[in-house]
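Asks: My questions will all concern the structure given below.
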Amino acid sequence: MTDLVKHRFLFEITEEQMIRANRLLSQYGLRKAIFGKILDDVLDAIEVDAGMSLGMLMSEKVVMNGLMATLAARTKKGKVSKDG
């Protein structure tokens, strides 16, 4: 039965975003492939540090690679300082 259920993640976008998405992401399956990965990255970042991740995502224009690099460095520093 779960094979028949298709979960969706819906949110409103502007008309400009729709026009740009239609122009740039028109190939079938491309939106799902890209935004599925972005959602995974956002959820991973929130799991690492919810407060910092949500604050950055909501307050600045953030490139996900930059966010993930920042969180990875912060996590690594925390591990280094705890170990010695």
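Letters A, B, ... go to the chains of the structure tokens in the order shown; residues in each chain start at 1; ligands are counted from 1 in the same order.
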Could you give me, as an NGL selection string, the residues within 10 Å of stretch 30-37 of chain A, counting only C-alpha atoms and dropping anything in the same chain fewer than 6 positions from it?
Replies: :A and (9 or 21-22 or 24 or 43)
Asks: Would you please work out which residue, of A:Gln27, A:Gly66, A:Leu4, A:Glu15, is nearest to A:Val42 when using only C-alpha atoms?
Replies: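 Smallest distance to A:Val42 is found for A:Gly66.
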Asks: Where does DSSP see helix (DSSP H, G or I) in chain A, if you list the residues as a PyMOL selection string?
Replies: chain A and resi 2-4+15-24+30-48+50-59+64-83
Asks: Calculate how many Å separate atom CA of A:Lys6 from atom CA of A:Arg23, rounding to one decimal.
Replies: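 Computing the Euclidean distance for atom CA of A:Lys6 and atom CA of A:Arg23 yields 25.3 Å.
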Asks: Atom CA of A:Leu54 to atom CA of A:Leu67: how many Å, to one decimal?
Replies: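 Atom CA of A:Leu67 lies at a distance of 10.6 Å from atom CA of A:Leu54.
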Asks: If we count only C-alpha atoms, what is near A:Asp41 at a cut-off of 9 Å, once residues fewer than 4 positions away on the same chain are taken out, given as JSON, numbers by chain?
Replies: {"A": [36, 37, 45, 46, 64, 65, 68]}
